[in-house]
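Participant: Sharing a structure below in structure tokens format, with a few things to ask.
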Amino acid sequence: MTTTLSSVTIPGFLNILGNLSHLLDKAELDAKSRNYDSKVLVDYRLAPDMLPLKTQILIACDAAKFCIARISGAEAPKFADSESTMEELNSRIKKTVEWIRSVPANALDGLEDKEVTFPVGKEATKTMRAIDYVNMWAIPNVYFHVTTTYNILRHNGVQIGKRDYLVGAANLA
């Protein structure tokens, strides 16, 4: 079986974003069961200079959708970035997943050597071959922000573990 850009990106992004949604579902249940406002989690950050949970989720979604868009040439959906509740963040994840599913695999495949230019910070850009962009920038970026979300939730006592991160709702008994 040949490895293609679509086989490296689409299933992995769908899986990790699905697991992210599962983590938020568990966080909402935790807030209800321990009787606290989940808004506390939405705005929580592990360090004063880091982005809060809500921004971690927005970036994870954006990194996945922009990766697919930049390579395929498809226009990524624009979101207002105004989500402020667990429900709204989960909706953002689901809209991102729906859009990724709408992009046909053949829109990515064969473009491994395409030059992809993307923003790095607020004022710089970087250009890489698509295959390098996927493997060394986009995928690690998505996983970094999902992992940070996991860590914020876990730090706040949400009962999640490695299985939730890796498998999400797919095969939990």
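Numbering starts fresh at 1 for the residues of each chain in the structure tokens, the chains themselves are lettered A, B, ... in the order given, and ligands are numbered from 1 as they appear.
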For the interface of region 6-98 of chain A with region 138-155 of chain A (cut-off 9 Å, counting only C-alpha atoms), please tabulate each contacting residue of region 6-98 of chain A alongside its nearest pair of atoms and their separation in Å to one decimal, rows sorted by chain and increasing number, as a tab-separated table.
Facilitator:
residue	atom	partner	partner_atom	distance
A:Thr9	CA	A:Ile139	CA	7.6
A:Gly12	CA	A:Ile139	CA	8.4
A:Phe13	CA	A:Val142	CA	7.9
A:Ile16	CA	A:Tyr143	CA	7.6
A:Leu17	CA	A:Val146	CA	8.0
A:Asn19	CA	A:Val146	CA	8.8
A:Leu20	CA	A:Val146	CA	6.4
A:Leu23	CA	A:Tyr150	CA	7.2
A:Leu24	CA	A:Leu153	CA	8.6
A:Ala27	CA	A:Leu153	CA	6.9
A:Leu41	CA	A:Leu153	CA	7.0
A:Tyr44	CA	A:Ile152	CA	7.1
A:Arg45	CA	A:Ile152	CA	6.7
A:Leu46	CA	A:Ile152	CA	6.3
A:Pro52	CA	A:Ile152	CA	8.6
A:Leu53	CA	A:Thr149	CA	5.6
A:Lys54	CA	A:Thr149	CA	8.4
A:Thr55	CA	A:His145	CA	8.8
A:Gln56	CA	A:His145	CA	5.1
A:Ile57	CA	A:His145	CA	6.7
A:Leu58	CA	A:His145	CA	8.8
A:Ile59	CA	A:His145	CA	6.8
A:Ala60	CA	A:Val142	CA	4.6
A:Cys61	CA	A:Val142	CA	7.4
A:Asp62	CA	A:Val142	CA	8.5
A:Ala63	CA	A:Val142	CA	5.9
A:Ala64	CA	A:Val142	CA	6.4
A:Phe66	CA	A:Ala138	CA	8.7
A:Cys67	CA	A:Ala138	CA	6.2
Participant: Quick one: write out the picked residues with C-alpha atoms as an mmCIF file, in the first residue's frame?
Facilitator:
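Result written to part-v7.cif:
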data_model
loop_
_atom_site.group_PDB
_atom_site.id
_atom_site.type_symbol
_atom_site.label_atom_id
_atom_site.label_comp_id
_atom_site.auth_asym_id
_atom_site.auth_seq_id
_atom_site.Cartn_x
_atom_site.Cartn_y
_atom_site.Cartn_z
ATOM 1 C CA THR A 9 -3.541 13.537 7.148
ATOM 2 C CA GLY A 12 -5.228 11.037 11.673
ATOM 3 C CA PHE A 13 -6.884 14.437 11.934
ATOM 4 C CA ILE A 16 -7.457 13.026 17.052
ATOM 5 C CA LEU A 17 -10.229 15.632 16.665
ATOM 6 C CA ASN A 19 -10.763 12.116 20.600
ATOM 7 C CA LEU A 20 -10.608 15.825 21.461
ATOM 8 C CA LEU A 23 -12.284 14.711 26.084
ATOM 9 C CA LEU A 24 -14.608 17.731 26.109
ATOM 10 C CA ALA A 27 -15.046 17.426 30.935
ATOM 11 C CA LEU A 41 -12.016 24.894 32.333
ATOM 12 C CA TYR A 44 -7.969 27.748 32.264
ATOM 13 C CA ARG A 45 -4.269 27.844 31.384
ATOM 14 C CA LEU A 46 -1.427 25.881 32.957
ATOM 15 C CA PRO A 52 -6.211 28.949 27.626
ATOM 16 C CA LEU A 53 -7.983 25.681 26.870
ATOM 17 C CA LYS A 54 -10.415 27.310 24.443
ATOM 18 C CA THR A 55 -7.555 28.646 22.318
ATOM 19 C CA GLN A 56 -5.797 25.272 22.373
ATOM 20 C CA ILE A 57 -8.911 23.751 20.818
ATOM 21 C CA LEU A 58 -9.299 26.501 18.218
ATOM 22 C CA ILE A 59 -5.670 26.105 17.157
ATOM 23 C CA ALA A 60 -5.913 22.298 16.952
ATOM 24 C CA CYS A 61 -8.948 22.634 14.675
ATOM 25 C CA ASP A 62 -7.370 25.370 12.578
ATOM 26 C CA ALA A 63 -4.056 23.557 12.185
ATOM 27 C CA ALA A 64 -5.853 20.489 10.813
ATOM 28 C CA PHE A 66 -5.551 24.749 7.189
ATOM 29 C CA CYS A 67 -3.173 21.878 6.500
#
Participant: Which of chain A end up as helix (DSSP H, G or I) when DSSP is run on this backbone - answer as a ChimeraX atom specification?
Facilitator: /A:5-33,39-42,53-72,86-102,105-107,130-155,162-167
Participant: Excluding Pro77 (chain A) and its own-chain neighbours fewer than 5 positions away, which residues fall within 12 Å of it when counting only C-alpha atoms? Please give them as a list in words.
Facilitator: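 Surrounding residues, per the criterion: Cys61, Asp62, Ala64, Lys65, Phe66, Ile68, Ala69, Arg92, Lys95, Thr96, Val97, Glu98, Trp99, Ile100, Ser102 and Val103 of chain A.
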Participant: Residues of the last selection are to be written out with C-alpha atoms, as a short mmCIF file (atom, residue, chain, number, x, y, z; two decimals), in the first residue's frame.
Facilitator:
data_model
loop_
_atom_site.label_atom_id
_atom_site.label_comp_id
_atom_site.auth_asym_id
_atom_site.auth_seq_id
_atom_site.Cartn_x
_atom_site.Cartn_y
_atom_site.Cartn_z
CA CYS A 61 -8.95 22.63 14.68
CA ASP A 62 -7.37 25.37 12.58
CA ALA A 64 -5.85 20.49 10.81
CA LYS A 65 -8.21 22.35 8.47
CA PHE A 66 -5.55 24.75 7.19
CA ILE A 68 -5.77 20.22 4.29
CA ALA A 69 -6.70 23.55 2.67
CA ARG A 92 -16.28 23.86 16.42
CA LYS A 95 -17.69 21.51 12.01
CA THR A 96 -13.97 21.08 11.39
CA VAL A 97 -14.37 17.30 11.14
CA GLU A 98 -17.30 17.66 8.72
CA TRP A 99 -15.26 19.95 6.49
CA ILE A 100 -12.20 17.67 6.50
CA SER A 102 -15.76 16.81 2.59
CA VAL A 103 -12.33 17.13 0.98
#
Participant: Which residue is closest to Glu28 (chain A)? Choose from A:Thr117, A:Thr4, A:Asn135, A:Thr85 and count only C-alpha atoms.
Facilitator: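 Closest residue, counting only C-alpha atoms: A:Thr85.
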Participant: Extract the full set of strand (DSSP E) residues from region 68-157 of chain A according to DSSP on the backbone, and format it as an MDAnalysis selection string.
Facilitator: chainID A and resid 115:120 124:129
Participant: What's around Asp113 (chain A) at 10 Å? Count only C-alpha atoms, leave out sequence neighbours fewer than 2 positions away in its own chain, and write the answer as a list in words.
Facilitator: Ile71, Gly110, Leu111, Glu115, Val116, Met128, Arg129, Ala130, Ile131 and Asp132 of chain A
Participant: Could you dump the residues just selected with N, CA and C atoms as a PDB file, in the first residue's frame?
Facilitator:
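part-v7.pdb, written as the output of this step:
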ATOM      1  N   ILE A  71      -2.734  22.480   1.209  1.00  0.00           N
ATOM      2  CA  ILE A  71      -2.226  21.496   0.256  1.00  0.00           C
ATOM      3  C   ILE A  71      -3.201  21.289  -0.898  1.00  0.00           C
ATOM      4  N   GLY A 110      -0.489  13.165  -4.497  1.00  0.00           N
ATOM      5  CA  GLY A 110       0.387  13.547  -5.597  1.00  0.00           C
ATOM      6  C   GLY A 110       0.995  14.930  -5.435  1.00  0.00           C
ATOM      7  N   LEU A 111       0.661  15.610  -4.358  1.00  0.00           N
ATOM      8  CA  LEU A 111       1.146  16.983  -4.148  1.00  0.00           C
ATOM      9  C   LEU A 111       2.250  17.056  -3.094  1.00  0.00           C
ATOM     10  N   GLU A 115       4.986  23.392  -2.849  1.00  0.00           N
ATOM     11  CA  GLU A 115       5.483  24.356  -1.866  1.00  0.00           C
ATOM     12  C   GLU A 115       4.285  24.914  -1.081  1.00  0.00           C
ATOM     13  N   VAL A 116       4.370  24.832   0.225  1.00  0.00           N
ATOM     14  CA  VAL A 116       3.310  25.334   1.093  1.00  0.00           C
ATOM     15  C   VAL A 116       3.900  26.448   1.948  1.00  0.00           C
ATOM     16  N   MET A 128       7.602  25.209   3.032  1.00  0.00           N
ATOM     17  CA  MET A 128       8.098  23.839   3.067  1.00  0.00           C
ATOM     18  C   MET A 128       7.414  23.041   1.964  1.00  0.00           C
ATOM     19  N   ARG A 129       8.022  21.931   1.588  1.00  0.00           N
ATOM     20  CA  ARG A 129       7.335  20.984   0.707  1.00  0.00           C
ATOM     21  C   ARG A 129       6.153  20.414   1.484  1.00  0.00           C
ATOM     22  N   ALA A 130       5.066  20.098   0.809  1.00  0.00           N
ATOM     23  CA  ALA A 130       3.851  19.619   1.468  1.00  0.00           C
ATOM     24  C   ALA A 130       4.115  18.433   2.392  1.00  0.00           C
ATOM     25  N   ILE A 131       4.885  17.465   1.932  1.00  0.00           N
ATOM     26  CA  ILE A 131       5.147  16.285   2.759  1.00  0.00           C
ATOM     27  C   ILE A 131       5.886  16.661   4.038  1.00  0.00           C
ATOM     28  N   ASP A 132       6.808  17.603   3.948  1.00  0.00           N
ATOM     29  CA  ASP A 132       7.533  18.063   5.137  1.00  0.00           C
ATOM     30  C   ASP A 132       6.630  18.885   6.042  1.00  0.00           C
TER      31      ASP A 132
END
Participant: What lies within 9 Å of Ser21 (chain A) using only C-alpha atoms, ignoring chain neighbours under 3 positions off, as a PDB file with C-alpha atoms, in the first residue's frame?
Facilitator:
ATOM      1  CA  ILE A  16      -7.457  13.026  17.052  1.00  0.00           C
ATOM      2  CA  LEU A  17     -10.229  15.632  16.665  1.00  0.00           C
ATOM      3  CA  GLY A  18     -12.790  12.942  17.519  1.00  0.00           C
ATOM      4  CA  LEU A  24     -14.608  17.731  26.109  1.00  0.00           C
ATOM      5  CA  ASP A  25     -17.633  15.467  26.615  1.00  0.00           C
ATOM      6  CA  LYS A  26     -15.936  13.955  29.640  1.00  0.00           C
ATOM      7  CA  LEU A  89     -16.007  24.345  21.369  1.00  0.00           C
ATOM      8  CA  ASN A  90     -17.346  20.872  20.695  1.00  0.00           C
ATOM      9  CA  SER A  91     -19.436  22.288  17.864  1.00  0.00           C
ATOM     10  CA  ILE A  93     -14.558  20.481  16.452  1.00  0.00           C
ATOM     11  CA  LYS A  94     -17.522  18.829  14.748  1.00  0.00           C
ATOM     12  CA  GLY A 168     -11.641   8.564  22.508  1.00  0.00           C
ATOM     13  CA  ALA A 169     -15.189   7.366  22.273  1.00  0.00           C
TER      14      ALA A 169
END
Participant: Report, in Å with one decimal, the straight-line distance from CA of Asp109 (chain A) to CA of Tyr165 (chain A).
Facilitator: 28.2 Å
Participant: Distance CA of Lys114 (chain A)-CA of Lys78 (chain A), one decimal place?
Facilitator: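 Separation of CA of Lys114 (chain A) and CA of Lys78 (chain A): 23.6 Å.
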Participant: Taking into account only C-alpha atoms, which residue in the set A:Asn106, A:Ser33, A:Ser38, A:Ser84 is nearest to Ser7 (chain A)?
Facilitator: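 Of the candidates, the smallest distance to Ser7 (chain A) is held by A:Asn106.
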